[in-house]
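Novice: Provided herewith: coords-v3.txt, compact mmCIF, C-alpha atoms.
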```txt
# COMPACT_ATOMS: atom_id res chain seq x y z
CA GLU A 1 77.24 94.91 46.37
CA LYS A 2 76.12 94.38 42.80
CA ASN A 3 72.41 93.92 42.08
CA ILE A 4 72.26 90.73 40.00
CA TYR A 5 68.62 91.38 39.04
CA ALA A 6 69.14 94.89 37.68
CA SER A 7 69.71 93.75 34.11
CA PHE A 8 66.69 91.46 33.82
CA ASP A 9 63.87 92.56 31.57
CA ASP A 10 60.48 92.22 33.29
CA LYS A 11 58.89 90.90 30.11
CA LYS A 12 60.85 87.67 30.44
CA PHE A 13 58.95 86.85 33.61
CA THR A 14 55.48 86.53 32.14
CA LYS A 15 54.15 83.03 32.67
CA LYS A 16 54.65 80.65 29.80
CA GLY A 17 51.39 79.44 28.35
CA ALA A 18 49.42 82.25 30.01
CA GLN A 19 46.57 83.05 27.68
CA ALA A 20 44.23 85.97 27.69
CA CYS A 21 40.65 84.95 28.37
CA THR A 22 37.30 86.38 27.52
CA PRO A 23 35.83 87.56 30.84
CA ILE A 24 32.63 85.81 31.89
CA ASP A 25 29.95 86.90 34.33
CA VAL A 26 29.67 84.29 37.07
CA ASN A 27 25.89 84.74 37.31
CA THR A 28 24.97 84.63 33.63
CA ALA A 29 27.62 82.35 32.09
CA ASP A 30 26.34 79.15 30.51
CA THR A 31 28.22 75.85 30.34
CA ALA A 32 29.96 76.83 27.08
CA ALA A 33 31.30 80.04 28.65
CA TRP A 34 32.59 78.16 31.70
CA GLN A 35 34.17 75.50 29.48
CA SER A 36 36.03 78.22 27.57
CA LEU A 37 38.14 78.68 30.71
CA ARG A 38 41.30 76.64 31.09
CA GLY A 39 40.78 73.69 33.45
CA ILE A 40 36.96 73.73 33.34
CA GLY A 41 35.38 70.80 31.55
CA LYS A 42 31.76 69.83 31.01
CA VAL A 43 31.30 68.22 34.45
CA LEU A 44 32.78 71.15 36.36
CA ALA A 45 30.89 73.70 34.26
CA ASN A 46 27.61 71.92 35.07
CA ARG A 47 28.56 71.69 38.74
CA ILE A 48 29.30 75.42 38.98
CA ILE A 49 25.96 76.29 37.38
CA LYS A 50 24.08 73.82 39.59
CA PHE A 51 25.77 75.30 42.69
CA ARG A 52 24.96 78.85 41.51
CA ASP A 53 21.31 77.88 40.97
CA LYS A 54 21.02 76.20 44.39
CA LEU A 55 22.50 79.28 46.05
CA GLY A 56 20.24 81.66 44.18
CA GLY A 57 23.16 83.39 42.42
CA PHE A 58 26.62 84.54 43.43
CA TYR A 59 27.07 87.82 45.32
CA GLN A 60 30.87 87.45 45.44
CA ILE A 61 33.19 85.99 42.83
CA ASP A 62 34.97 83.94 45.50
CA GLN A 63 31.80 81.90 46.04
CA VAL A 64 32.67 80.09 42.80
CA LYS A 65 35.59 78.40 44.55
CA GLU A 66 33.14 76.70 46.94
CA THR A 67 31.98 74.52 44.04
CA PHE A 68 32.58 70.87 44.87
CA GLY A 69 35.53 69.45 42.94
CA LEU A 70 36.93 72.80 41.80
CA ALA A 71 40.61 72.68 42.73
CA ASP A 72 42.03 75.87 44.19
CA SER A 73 44.82 75.79 41.59
CA VAL A 74 42.22 75.84 38.79
CA TYR A 75 40.21 78.55 40.55
CA GLN A 76 43.33 80.73 40.87
CA LYS A 77 43.96 80.34 37.11
CA ILE A 78 40.42 81.28 36.09
CA ARG A 79 39.90 84.00 38.73
CA PRO A 80 41.20 86.85 36.49
CA CYS A 81 38.59 85.83 33.88
CA LEU A 82 35.63 86.06 36.26
CA GLN A 83 33.39 89.07 36.62
CA LEU A 84 30.38 89.90 38.74
CA ASN A 85 28.33 92.51 36.99
CA ALA A 86 24.96 93.23 38.59
CA PRO A 87 24.08 90.27 40.80
CA THR A 88 20.38 89.58 41.14
CA LEU A 89 20.03 87.03 43.88
CA LYS A 90 17.05 84.75 44.21
CA PRO A 91 15.77 85.45 47.71
CA LEU A 92 15.35 82.71 50.26
CA LEU A 93 11.95 83.44 51.78
CA ILE A 94 12.81 82.04 55.20
CA ASN A 95 9.23 82.07 56.51
CA GLN A 96 7.57 80.63 53.39
CA ALA A 97 10.22 78.13 52.30
CA SER A 98 9.46 74.45 52.65
CA PHE A 99 11.72 72.13 54.60
CA ASN A 100 13.12 70.75 51.32
CA GLU A 101 13.84 74.22 49.95
CA LEU A 102 15.72 75.11 53.13
CA ALA A 103 17.57 71.79 53.34
CA SER A 104 18.71 72.00 49.71
CA HIS A 105 20.29 75.44 50.14
CA PRO A 106 24.09 74.98 50.22
CA TYR A 107 24.49 77.24 53.25
CA LEU A 108 21.83 75.45 55.31
CA GLY A 109 21.44 71.70 54.95
CA PHE A 110 19.27 69.21 56.81
CA LYS A 111 20.11 70.11 60.43
CA ALA A 112 19.75 73.85 59.97
CA ALA A 113 16.50 73.42 58.01
CA LYS A 114 15.11 71.27 60.82
CA ALA A 115 16.13 73.89 63.40
CA ILE A 116 14.51 76.67 61.36
CA MET A 117 11.25 74.73 61.01
CA ASN A 118 11.22 73.87 64.73
CA TRP A 119 11.87 77.51 65.69
CA LYS A 120 8.99 78.67 63.46
CA ASP A 121 6.67 76.06 65.03
CA GLN A 122 7.54 77.32 68.52
CA HIS A 123 7.91 81.07 67.98
CA GLY A 124 6.12 81.89 64.74
CA PRO A 125 7.73 83.55 61.73
CA PHE A 126 11.21 85.04 61.81
CA GLY A 127 11.16 88.81 61.90
CA LYS A 128 14.83 89.69 61.58
CA MET A 129 18.26 88.22 60.97
CA GLU A 130 19.03 88.22 64.71
CA ASP A 131 16.31 85.58 65.21
CA LEU A 132 18.37 83.21 63.06
CA GLU A 133 21.54 83.92 65.05
CA GLY A 134 20.13 82.05 68.01
CA LEU A 135 19.92 78.76 66.14
CA VAL A 136 22.70 76.43 67.30
CA ALA A 137 22.46 74.39 64.09
CA LEU A 138 23.48 77.44 62.07
CA GLU A 139 27.20 78.08 62.19
CA ALA A 140 28.19 81.75 62.35
CA GLY A 141 30.18 81.58 59.11
CA LYS A 142 27.29 80.04 57.21
CA LEU A 143 24.88 82.60 58.62
CA GLU A 144 27.04 85.44 57.27
CA LYS A 145 27.14 83.79 53.85
CA LEU A 146 23.38 83.28 53.97
CA ARG A 147 22.56 86.88 54.95
CA PRO A 148 22.34 88.33 51.38
CA TYR A 149 19.77 85.69 50.39
CA VAL A 150 17.40 85.79 53.37
CA GLN A 151 14.14 87.69 53.12
CA PHE A 152 11.40 87.83 55.74
```
Re-express the file's structure as structure tokens.
Specialist:
Amino acid sequence: EKNIYASFDDKKFTKKGAQACTPIDVNTADTAAWQSLRGIGKVLANRIIKFRDKLGGFYQIDQVKETFGLADSVYQKIRPCLQLNAPTLKPLLINQASFNELASHPYLGFKAAKAIMNWKDQHGPFGKMEDLEGLVALEAGKLEKLRPYVQF
């Protein structure tokens, strides 16, 4: 049987309109850098930065795709342009944080913040990550995402 693909030149299969991009660091990029990426406008650039700030920085590039309103198709296009150099995360001081600080963290929210405050009232300060695992209001997936930020 004849291979009908044998004569094709691989160069013909590069995506039309694919442009090289200047790589940006997801933790240090400003709105102008984000807007330089195809599919990212002013609103989305501001949203990504606001989300990054609320988190306390990104520890994985894929966290960018959690930004509200960022379509997966756009994320997949910009993904090759994203870098994570040396992330310096802003710690979430679980025992010192106010209710509002806890509630405003994207991986916690109101219910989890309330549960954390109630636990501290009943048991005193958290000593280790395992103490947080017992909180019903904290979903396992969110707890894993939160782990790099938590400090005691």
Novice: Report, in Å to a single decimal, how far apart atom CA of Phe99 of chain A and atom CA of Met117 of chain A are.
Specialist: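 According to the coordinates, atom CA of Met117 of chain A and atom CA of Phe99 of chain A are separated by 6.9 Å.
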Novice: Taking all atoms listed in the file into account, which of A:Gln63, A:Ser73, A:Thr31, A:Thr88 comes nearest Tyr149 of chain A?
Specialist: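 Answer, going by the shortest atom-to-atom distance: A:Thr88.
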Novice: Hey, which of A:Ile94, A:Phe110, A:Val64, A:Glu144 ends up closest to Lys128 of chain A? Count all atoms listed in the file.
Specialist: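 The answer is A:Ile94, which sits nearest to Lys128 of chain A.
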Novice: Extract, using only C-alpha atoms, all DNA, RNA and protein residues at most 10 Å from segment 70-72 of chain A, discarding same-chain residues fewer than 5 positions from it, and format them as a PyMOL selection string.
Specialist: chain A and resi 39-40+44-45+47-48+64-65+77-78
Novice: Kindly save the residues from that selection, with C-alpha atoms included, as an mmCIF file, in the frame of the given file.
Specialist:
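File written: result00.cif
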```cif
data_model
loop_
_atom_site.group_PDB
_atom_site.id
_atom_site.type_symbol
_atom_site.label_atom_id
_atom_site.label_comp_id
_atom_site.auth_asym_id
_atom_site.auth_seq_id
_atom_site.Cartn_x
_atom_site.Cartn_y
_atom_site.Cartn_z
ATOM 1 C CA GLY A 39 40.780 73.690 33.450
ATOM 2 C CA ILE A 40 36.960 73.730 33.340
ATOM 3 C CA LEU A 44 32.780 71.150 36.360
ATOM 4 C CA ALA A 45 30.890 73.700 34.260
ATOM 5 C CA ARG A 47 28.560 71.690 38.740
ATOM 6 C CA ILE A 48 29.300 75.420 38.980
ATOM 7 C CA VAL A 64 32.670 80.090 42.800
ATOM 8 C CA LYS A 65 35.590 78.400 44.550
ATOM 9 C CA LYS A 77 43.960 80.340 37.110
ATOM 10 C CA ILE A 78 40.420 81.280 36.090
#
```
Novice: I'd like the neighbourhood of Ile49 of chain A as a compact mmCIF listing (two decimals) with C-alpha atoms, keeping the file's coordinate frame, where a residue qualifies if any of its atoms comes within 10 Å (using only C-alpha atoms), though same-chain residues fewer than 2 positions away should be ignored.
Specialist:
```txt
# COMPACT_ATOMS: atom_id res chain seq x y z
CA VAL A 26 29.67 84.29 37.07
CA ASN A 27 25.89 84.74 37.31
CA THR A 28 24.97 84.63 33.63
CA ALA A 29 27.62 82.35 32.09
CA ASP A 30 26.34 79.15 30.51
CA THR A 31 28.22 75.85 30.34
CA TRP A 34 32.59 78.16 31.70
CA LEU A 44 32.78 71.15 36.36
CA ALA A 45 30.89 73.70 34.26
CA ASN A 46 27.61 71.92 35.07
CA ARG A 47 28.56 71.69 38.74
CA PHE A 51 25.77 75.30 42.69
CA ARG A 52 24.96 78.85 41.51
CA ASP A 53 21.31 77.88 40.97
CA LYS A 54 21.02 76.20 44.39
CA LEU A 55 22.50 79.28 46.05
CA GLY A 57 23.16 83.39 42.42
CA VAL A 64 32.67 80.09 42.80
CA THR A 67 31.98 74.52 44.04
```
Novice: In Å, how far is it from atom CA of Gly56 of chain A to atom CA of Gln122 of chain A?
Specialist: 27.8 Å
Novice: Considering all atoms listed in the file, state which residue in the set A:Ile116, A:Leu143, A:Leu132, A:Ala33 is at the smallest distance from Leu82 of chain A.
Specialist: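 Using all atoms listed in the file, the shortest distance to Leu82 of chain A belongs to A:Ala33.
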